[in-house]
file entry19.cif (mmCIF, C-alpha atoms and all ligand atoms)
data_model
loop_
_atom_site.label_atom_id
_atom_site.label_comp_id
_atom_site.auth_asym_id
_atom_site.auth_seq_id
_atom_site.Cartn_x
_atom_site.Cartn_y
_atom_site.Cartn_z
CA MET A 1 16.74 22.68 -13.98
CA ALA A 2 15.67 19.14 -12.97
CA GLU A 3 11.92 18.54 -12.94
CA ARG A 4 10.40 18.25 -9.46
CA PRO A 5 9.28 14.70 -8.67
CA LEU A 6 5.56 13.99 -9.01
CA THR A 7 3.58 12.40 -6.16
CA VAL A 8 0.27 10.76 -7.04
CA ALA A 9 -1.99 9.33 -4.32
CA VAL A 10 -4.46 6.62 -5.32
CA ALA A 11 -7.46 6.76 -3.00
CA SER A 12 -11.08 5.66 -2.84
CA GLY A 13 -14.08 6.51 -0.73
CA LYS A 14 -14.76 2.83 -0.12
CA GLY A 15 -12.71 -0.35 -0.02
CA GLY A 16 -12.84 -2.96 -2.78
CA THR A 17 -13.02 -0.59 -5.75
CA GLY A 18 -9.63 -1.63 -7.17
CA LYS A 19 -7.49 1.12 -5.62
CA SER A 20 -4.48 -1.14 -5.03
CA CYS A 21 -4.89 -2.58 -8.55
CA VAL A 22 -4.53 0.94 -9.97
CA ALA A 23 -1.52 1.76 -7.73
CA ALA A 24 0.20 -1.53 -8.58
CA SER A 25 -0.64 -1.15 -12.28
CA LEU A 26 0.92 2.34 -12.37
CA LEU A 27 4.06 0.93 -10.77
CA VAL A 28 4.45 -1.88 -13.32
CA THR A 29 3.57 0.31 -16.31
CA VAL A 30 5.39 3.62 -15.84
CA PRO A 31 9.17 3.12 -15.59
CA GLY A 32 11.09 4.49 -12.64
CA LEU A 33 8.28 4.98 -10.11
CA LEU A 34 8.68 4.41 -6.38
CA GLY A 35 5.72 3.03 -4.36
CA ALA A 36 4.37 3.70 -0.87
CA ASP A 37 1.69 1.43 0.55
CA VAL A 38 0.18 3.40 3.43
CA ASP A 39 -2.99 1.32 3.68
CA VAL A 40 -1.26 0.29 6.90
CA GLU A 41 -4.07 -1.83 8.37
CA GLU A 42 -4.13 -4.04 5.31
CA PRO A 43 -1.07 -3.44 3.11
CA ASN A 44 -1.16 -5.59 -0.04
CA LEU A 45 0.86 -3.75 -2.67
CA ALA A 46 4.05 -5.77 -2.06
CA LEU A 47 2.02 -8.95 -2.29
CA LEU A 48 0.42 -7.84 -5.57
CA LEU A 49 3.82 -6.91 -6.99
CA GLY A 50 5.61 -10.00 -5.71
CA ALA A 51 8.05 -7.75 -3.82
CA GLU A 52 10.05 -9.02 -0.81
CA ALA A 53 10.96 -6.99 2.29
CA ILE A 54 14.68 -6.21 2.31
CA SER A 55 14.77 -4.02 5.43
CA SER A 56 12.45 -2.89 8.19
CA SER A 57 12.35 -0.20 10.88
CA LEU A 58 10.07 0.14 13.89
CA VAL A 59 7.67 3.07 14.25
CA GLU A 60 7.30 4.28 17.82
CA ILE A 61 5.15 6.93 19.50
CA PRO A 62 6.08 8.70 22.76
CA TRP A 63 4.16 6.91 25.50
CA PRO A 64 3.54 8.72 28.81
CA VAL A 65 4.85 7.13 31.99
CA ILE A 66 3.52 8.70 35.19
CA ASP A 67 5.58 8.83 38.37
CA ASP A 68 3.10 7.97 41.11
CA ALA A 69 5.25 9.57 43.80
CA LEU A 70 5.51 12.93 42.00
CA CYS A 71 1.88 13.09 40.80
CA ASP A 72 -0.44 15.09 43.08
CA ARG A 73 -3.60 14.02 41.18
CA CYS A 74 -4.35 17.57 39.96
CA GLY A 75 -5.97 16.16 36.80
CA GLU A 76 -4.40 18.75 34.42
CA CYS A 77 -3.11 16.04 32.08
CA VAL A 78 -6.51 14.31 31.93
CA LYS A 79 -8.23 17.62 31.18
CA ASN A 80 -5.81 18.53 28.39
CA CYS A 81 -5.69 15.16 26.63
CA ARG A 82 -8.02 15.69 23.67
CA PHE A 83 -8.04 11.99 22.86
CA GLY A 84 -9.48 10.84 26.20
CA ALA A 85 -6.41 8.66 26.61
CA LEU A 86 -5.79 9.32 30.33
CA LEU A 87 -8.14 8.13 33.06
CA MET A 88 -8.02 8.41 36.84
CA PHE A 89 -9.60 5.79 39.06
CA GLY A 90 -10.16 5.71 42.82
CA GLY A 91 -7.72 8.47 43.73
CA GLY A 92 -4.83 6.88 41.80
CA ALA A 93 -2.49 8.60 39.34
CA PRO A 94 -3.71 8.84 35.71
CA VAL A 95 -3.34 5.75 33.55
CA PRO A 96 -2.82 6.00 29.74
CA ASN A 97 -4.83 3.77 27.41
CA ASP A 98 -4.63 2.71 23.74
CA LEU A 99 -6.28 5.92 22.55
CA CYS A 100 -2.97 7.72 23.21
CA HIS A 101 -1.67 9.43 20.04
CA GLY A 102 1.73 10.22 21.59
CA CYS A 103 1.15 13.96 21.17
CA GLY A 104 3.18 14.85 24.28
CA VAL A 105 0.69 17.41 25.62
CA CYS A 106 0.25 15.69 29.00
CA SER A 107 3.95 15.86 29.82
CA MET A 108 4.04 19.52 28.77
CA VAL A 109 1.12 20.57 30.98
CA CYS A 110 2.03 18.54 34.09
CA PRO A 111 2.99 21.11 36.75
CA ARG A 112 4.82 18.47 38.80
CA LYS A 113 6.96 17.14 35.95
CA ALA A 114 5.59 13.73 36.84
CA ILE A 115 5.29 12.52 33.23
CA THR A 116 8.18 11.17 31.18
CA GLU A 117 7.93 9.42 27.81
CA VAL A 118 9.17 6.12 26.48
CA GLY A 119 9.02 4.88 22.89
CA ARG A 120 6.09 2.52 22.25
CA PRO A 121 6.24 0.46 19.03
CA VAL A 122 3.03 0.83 17.01
CA GLY A 123 4.09 -0.52 13.62
CA GLU A 124 6.89 -0.81 11.11
CA VAL A 125 8.01 0.47 7.74
CA ARG A 126 9.42 -2.12 5.35
CA LEU A 127 11.38 -1.44 2.22
CA CYS A 128 10.30 -4.03 -0.36
CA ARG A 129 11.84 -4.85 -3.69
CA ARG A 130 11.26 -6.86 -6.84
CA GLY A 131 14.05 -6.30 -9.36
CA ASP A 132 14.30 -2.55 -9.97
CA LEU A 133 10.86 -1.91 -8.44
CA ARG A 134 10.94 -0.63 -4.85
CA LEU A 135 8.25 0.37 -2.43
CA TYR A 136 7.85 1.36 1.21
CA GLU A 137 5.17 -0.51 3.10
CA GLY A 138 3.67 0.80 6.36
CA ARG A 139 2.30 -1.93 8.61
CA LEU A 140 0.33 -1.17 11.79
CA HIS A 141 0.81 -3.61 14.65
CA VAL A 142 -2.32 -5.64 15.40
CA GLY A 143 -4.50 -3.97 18.04
CA MET A 144 -2.99 -0.49 17.66
CA PRO A 145 -5.82 2.03 17.25
CA ASN A 146 -4.06 4.89 15.45
CA PRO A 147 -2.59 4.27 11.98
CA VAL A 148 -1.45 7.87 11.37
CA PRO A 149 2.10 7.66 12.87
CA VAL A 150 2.82 4.62 10.68
CA ILE A 151 1.39 6.33 7.59
CA ASP A 152 3.52 9.42 8.29
CA ALA A 153 6.68 7.33 8.81
CA ALA A 154 6.21 5.38 5.56
CA LEU A 155 5.55 8.59 3.61
CA ARG A 156 8.57 10.35 5.13
CA ALA A 157 10.81 7.47 4.06
CA ALA A 158 9.37 7.43 0.52
CA LEU A 159 9.37 11.21 0.01
CA ALA A 160 12.97 11.44 1.24
CA GLU A 161 14.06 9.58 -1.90
CA GLY A 162 12.93 12.54 -4.04
CA ARG A 163 11.52 10.33 -6.79
CA ASP A 164 8.22 10.12 -8.68
CA LEU A 165 5.97 8.40 -6.19
CA VAL A 166 2.70 6.45 -6.22
CA ILE A 167 0.91 6.25 -2.86
CA ASP A 168 -1.63 3.52 -2.15
CA SER A 169 -3.87 5.30 0.39
CA PRO A 170 -6.17 3.78 3.01
CA PRO A 171 -9.84 3.60 1.92
CA GLY A 172 -12.44 5.95 3.41
CA THR A 173 -12.40 9.68 4.03
CA SER A 174 -11.20 10.01 7.63
CA CYS A 175 -7.82 10.94 9.18
CA PRO A 176 -5.79 8.08 7.63
CA MET A 177 -6.90 8.96 4.10
CA VAL A 178 -6.25 12.68 4.67
CA SER A 179 -2.77 11.90 6.05
CA ALA A 180 -2.02 9.77 3.01
CA VAL A 181 -3.05 12.31 0.35
CA ARG A 182 -1.79 15.46 2.13
CA GLU A 183 1.61 15.42 0.37
CA ALA A 184 0.28 14.39 -3.06
CA ASP A 185 0.41 16.68 -6.09
CA VAL A 186 -2.56 14.85 -7.65
CA VAL A 187 -5.16 12.44 -6.24
CA VAL A 188 -6.64 9.60 -8.31
CA LEU A 189 -9.99 8.48 -6.92
CA VAL A 190 -10.96 4.94 -7.87
CA THR A 191 -14.65 4.14 -7.82
CA GLU A 192 -17.33 1.88 -9.27
CA PRO A 193 -20.77 2.84 -10.67
CA THR A 194 -22.81 1.32 -7.81
CA PRO A 195 -24.93 3.25 -5.28
CA PHE A 196 -22.26 2.69 -2.57
CA GLY A 197 -19.50 3.66 -4.97
CA TYR A 198 -21.37 6.86 -5.86
CA ALA A 199 -22.10 7.84 -2.24
CA ASP A 200 -18.54 7.21 -1.03
CA LEU A 201 -17.02 8.96 -4.04
CA ASP A 202 -19.16 12.00 -3.22
CA LEU A 203 -17.63 12.08 0.29
CA ALA A 204 -14.11 11.59 -1.07
CA LEU A 205 -14.60 14.42 -3.59
CA GLN A 206 -15.71 16.74 -0.76
CA VAL A 207 -12.55 15.93 1.22
CA ILE A 208 -10.29 16.43 -1.80
CA ARG A 209 -11.97 19.76 -2.57
CA GLU A 210 -11.42 20.88 1.04
CA LEU A 211 -7.74 19.93 0.71
CA GLY A 212 -7.51 21.87 -2.57
CA LYS A 213 -5.90 18.97 -4.44
CA PRO A 214 -6.15 18.45 -8.21
CA ALA A 215 -7.91 15.13 -8.79
CA MET A 216 -9.21 12.74 -11.41
CA ALA A 217 -11.40 9.67 -11.20
CA VAL A 218 -11.07 6.13 -12.48
CA VAL A 219 -14.30 4.16 -12.90
CA ASN A 220 -13.48 0.50 -12.39
CA ARG A 221 -15.90 -2.25 -13.47
CA CYS A 222 -17.65 0.57 -15.33
CA ASP A 223 -20.13 -1.86 -16.93
CA LEU A 224 -21.34 -3.29 -13.60
CA GLY A 225 -23.67 -0.52 -12.45
CA ASP A 226 -25.46 2.56 -13.69
CA ALA A 227 -24.75 5.25 -11.09
CA ASP A 228 -24.06 8.58 -12.78
CA ILE A 229 -20.38 8.90 -11.80
CA GLU A 230 -19.60 11.40 -14.59
CA GLY A 231 -22.48 13.64 -13.47
CA LEU A 232 -21.09 13.58 -9.93
CA THR A 233 -17.44 14.26 -10.80
CA GLU A 234 -18.51 17.05 -13.17
CA ARG A 235 -20.13 18.85 -10.23
CA TYR A 236 -16.70 18.94 -8.56
CA GLY A 237 -14.82 19.82 -11.75
CA VAL A 238 -12.97 16.49 -11.62
CA PRO A 239 -12.40 14.61 -14.91
CA VAL A 240 -12.91 10.88 -15.36
CA ALA A 241 -9.51 9.79 -16.69
CA ALA A 242 -10.29 6.12 -17.32
CA ARG A 243 -13.23 3.73 -17.51
CA LEU A 244 -12.26 0.09 -17.09
CA PRO A 245 -14.84 -2.62 -17.77
CA PHE A 246 -15.06 -5.84 -15.78
CA SER A 247 -12.84 -8.54 -17.22
CA ARG A 248 -12.82 -12.13 -16.09
CA ALA A 249 -9.20 -12.46 -17.24
CA VAL A 250 -8.21 -9.46 -15.10
CA ALA A 251 -10.08 -10.86 -12.08
CA GLU A 252 -8.36 -14.23 -12.48
CA SER A 253 -4.99 -12.58 -12.90
CA TYR A 254 -5.61 -10.50 -9.74
CA ALA A 255 -6.66 -13.63 -7.82
CA ALA A 256 -3.36 -15.20 -8.87
CA GLY A 257 -1.50 -12.18 -7.41
CA ASN A 258 -0.79 -10.14 -10.55
CA PRO A 259 -1.70 -6.48 -11.07
CA PRO A 260 -4.15 -6.01 -13.98
CA ALA A 261 -1.69 -4.01 -16.09
CA ALA A 262 0.70 -6.96 -16.06
CA THR A 263 -1.76 -8.93 -18.19
CA ASP A 264 -4.20 -6.46 -19.79
CA ALA A 265 -3.37 -3.95 -22.53
CA LEU A 266 -6.42 -1.79 -21.74
CA TRP A 267 -5.16 -1.32 -18.18
CA ARG A 268 -1.63 -0.58 -19.39
CA ASP A 269 -2.87 2.10 -21.80
CA ALA A 270 -5.09 3.58 -19.07
CA MET A 271 -2.11 3.79 -16.68
CA VAL A 272 0.01 5.62 -19.27
CA THR A 273 -2.84 8.11 -19.82
CA LEU A 274 -3.35 8.51 -16.07
CA TRP A 275 0.30 9.34 -15.43
CA GLU A 276 0.46 11.79 -18.35
CA ARG A 277 -2.68 13.57 -17.14
CA ALA A 278 -1.32 13.70 -13.60
CA LYS A 279 1.85 15.33 -14.92
CA GLU A 280 -0.21 17.90 -16.83
CA MET A 281 -2.38 18.63 -13.78
CA ALA A 282 0.69 19.16 -11.62
CA GLY A 283 2.33 21.36 -14.28
CA ARG A 284 5.32 19.03 -14.89
S1 LIG B 301 0.57 11.82 24.87
FE1 LIG B 301 -1.18 13.03 24.12
S2 LIG B 301 -2.70 11.51 23.57
FE2 LIG B 301 -1.22 10.46 24.87
S3 LIG B 301 -2.07 10.60 26.91
FE3 LIG B 301 -0.67 12.35 26.66
S4 LIG B 301 -1.99 14.04 25.96
FE4 LIG B 301 -3.14 12.12 25.68
S1 LIG B 302 -0.81 16.71 35.49
FE1 LIG B 302 0.90 15.66 36.48
S2 LIG B 302 0.51 15.91 38.63
FE2 LIG B 302 -1.40 16.41 37.60
S3 LIG B 302 -2.52 14.45 37.56
FE3 LIG B 302 -1.37 14.57 35.68
S4 LIG B 302 0.53 13.48 36.11
FE4 LIG B 302 -0.41 13.98 38.08
#

call {"tool": "encode", "arguments": {"input": "entry19.cif", "output": "structure tokens", "more": "lines below"}}
Ligand code: SF4
Ligand code: SF4
result
Amino acid sequence: MAERPLTVAVASGKGGTGKSCVAASLLVTVPGLLGADVDVEEPNLALLLGAEAISSSLVEIPWPVIDDALCDRCGECVKNCRFGALLMFGGGAPVPNDLCHGCGVCSMVCPRKAITEVGRPVGEVRLCRRGDLRLYEGRLHVGMPNPVPVIDAALRAALAEGRDLVIDSPPGTSCPMVSAVREADVVVLVTEPTPFGYADLDLALQVIRELGKPAMAVVNRCDLGDADIEGLTERYGVPVAARLPFSRAVAESYAAGNPPAATDALWRDAMVTLWERAKEMAGR
């Protein structure tokens, strides 16, 4: 029987820890992986990999349109919108605002059938390629407040291929990060041994524990700080799979647009170890 594909999400409690470097390095080191950049407010994986967009599709959410003539101003839609995205002013019909998540509840609860929906573009999913390497990139349109529909669309496209997948998740520990790691078999948390790195990793570990996901940590720039990352991850039963010291050559290579593993043997070896451990954790 064919082995089930493995999905690994690379996440971090805070931005700037080297999360995209790890995702890009996995993609250039382990043959045959597909990528998904769902850091949709600031996607940079294609840039780091030198990949070009070869196709693109719009992501739309259902946007409520209210028929002023049918609406009797009962306020049911406003009351039931849990995002506060409908407001009524001066006796007029409700007006949707940018907080709308396109959940469709308002049209369902309207007793007058006064609400219809139209598609509202909120972002796009691009398929990018460099040689045999392919990745899906979610990109939120500027000014759109909710990244989750774009994250979901990019992940759907990538998961539909049924291949081993590396997800570059949004930083932080809120809805976008949870949406990005939800489908992963294993989560790799990238951190640094600074007080901020420690505090944000603690939050990320709590979220991952709540989600019940197997996880491991990577300590990047492990020689530039003395926070007790191992002590912290041990409390959550999460192993540290790699410790990567600061390297001027790696920083220069990154600044020139190359993933660390493209130029550094230590990174390449760490990526091989990371993938093997992820496979073990997921029972592949
Ligand atoms: S679609 Fe959902 S989020 Fe948008 S206005 Fe209606 S109830 Fe609120
Ligand atoms: S629920 Fe329907 S009828 Fe009532 S205020 Fe909203 S749009 Fe108007």

call {"tool": "axis_aligned_box", "arguments": {"input": "entry19.cif", "around": "ligand LIG 302 (chain B)", "padding_each_side": "8 Å", "output": "JSON"}}
result
{"center_x": -0.8, "center_y": 15.1, "center_z": 37.1, "size_x": 19.4, "size_y": 19.2, "size_z": 19.1}

call {"tool": "residues_near_ligand", "arguments": {"input": "entry19.cif", "ligand": "ligand LIG 302 (chain B)", "cutoff": "12 Å", "atoms": "only C-alpha atoms and all ligand atoms", "output": "ChimeraX atom specification"}}
result
/A:64-81,85-89,91-96,105-117

call {"tool": "closest_residue", "arguments": {"input": "entry19.cif", "among": "A:Glu183, A:Glu280, A:Asp226, A:Asp132", "to": "Glu52 in chain A", "atoms": "all atoms listed in the file"}}
result
A:Asp132

call {"tool": "closest_residue", "arguments": {"input": "entry19.cif", "among": "A:Val30, A:Ile229, A:Val59, A:Val238", "to": "Gln206 in chain A", "atoms": "all atoms listed in the file"}}
result
A:Val238

call {"tool": "residues_around", "arguments": {"input": "entry19.cif", "residues": "Val40 in chain A", "least_positions_apart": "3", "cutoff": "10 Å", "atoms": "only C-alpha atoms", "output": "mmCIF file with C-alpha atoms, in the coordinates of the input"}}
result
data_model
loop_
_atom_site.group_PDB
_atom_site.id
_atom_site.type_symbol
_atom_site.label_atom_id
_atom_site.label_comp_id
_atom_site.auth_asym_id
_atom_site.auth_seq_id
_atom_site.Cartn_x
_atom_site.Cartn_y
_atom_site.Cartn_z
ATOM 1 C CA ASP A 37 1.690 1.430 0.550
ATOM 2 C CA PRO A 43 -1.070 -3.440 3.110
ATOM 3 C CA ASN A 44 -1.160 -5.590 -0.040
ATOM 4 C CA GLY A 123 4.090 -0.520 13.620
ATOM 5 C CA GLU A 124 6.890 -0.810 11.110
ATOM 6 C CA VAL A 125 8.010 0.470 7.740
ATOM 7 C CA GLU A 137 5.170 -0.510 3.100
ATOM 8 C CA GLY A 138 3.670 0.800 6.360
ATOM 9 C CA ARG A 139 2.300 -1.930 8.610
ATOM 10 C CA LEU A 140 0.330 -1.170 11.790
ATOM 11 C CA HIS A 141 0.810 -3.610 14.650
ATOM 12 C CA PRO A 147 -2.590 4.270 11.980
ATOM 13 C CA VAL A 148 -1.450 7.870 11.370
ATOM 14 C CA VAL A 150 2.820 4.620 10.680
ATOM 15 C CA ILE A 151 1.390 6.330 7.590
ATOM 16 C CA ALA A 154 6.210 5.380 5.560
ATOM 17 C CA ASP A 168 -1.630 3.520 -2.150
ATOM 18 C CA SER A 169 -3.870 5.300 0.390
ATOM 19 C CA PRO A 170 -6.170 3.780 3.010
ATOM 20 C CA PRO A 176 -5.790 8.080 7.630
#

call {"tool": "residues_around", "arguments": {"input": "entry19.cif", "residues": "Val250 in chain A", "least_positions_apart": "5", "cutoff": "10 Å", "atoms": "only C-alpha atoms", "output": "list of chain:residue names"}}
result
A:Pro245, A:Ala255, A:Ala256, A:Asn258, A:Pro259, A:Pro260, A:Ala261, A:Ala262, A:Thr263, A:Asp264, A:Trp267

call {"tool": "closest_residue", "arguments": {"input": "entry19.cif", "among": "A:Val190, A:Ala251, A:Ala215, A:Leu232", "to": "Thr17 in chain A", "atoms": "only C-alpha atoms"}}
result
A:Val190

call {"tool": "atom_distance", "arguments": {"input": "entry19.cif", "atom1": "CA of Gly104 in chain A", "atom2": "atom S4 of ligand LIG 301 (chain B)"}}
result
5.5 Å

call {"tool": "atom_distance", "arguments": {"input": "entry19.cif", "atom1": "CA of Asp228 in chain A", "atom2": "CA of Ser20 in chain A"}}
result
23.2 Å

call {"tool": "closest_residue", "arguments": {"input": "entry19.cif", "among": "A:Gly231, A:Gly50, A:Gly131, A:Gly212", "to": "Ala184 in chain A", "atoms": "only C-alpha atoms"}}
result
A:Gly212

call {"tool": "closest_residue", "arguments": {"input": "entry19.cif", "among": "A:Thr29, A:Lys19, A:Gly13, A:Asn97", "to": "ligand LIG 301 (chain B)", "atoms": "all atoms listed in the file"}}
result
A:Asn97

call {"tool": "closest_residue", "arguments": {"input": "entry19.cif", "among": "A:Asp185, A:Asp164, A:Glu192, A:Glu42", "to": "Glu3 in chain A", "atoms": "all atoms listed in the file"}}
result
A:Asp164

call {"tool": "residues_around", "arguments": {"input": "entry19.cif", "residues": "Pro239 in chain A", "least_positions_apart": "6", "cutoff": "12 Å", "atoms": "all atoms listed in the file", "output": "PyMOL selection string"}}
result
chain A and resi 187-189+205+214-219+229-233+274+277-278+281

call {"tool": "atom_distance", "arguments": {"input": "entry19.cif", "atom1": "CA of Arg163 in chain A", "atom2": "CA of Gly32 in chain A"}}
result
8.3 Å
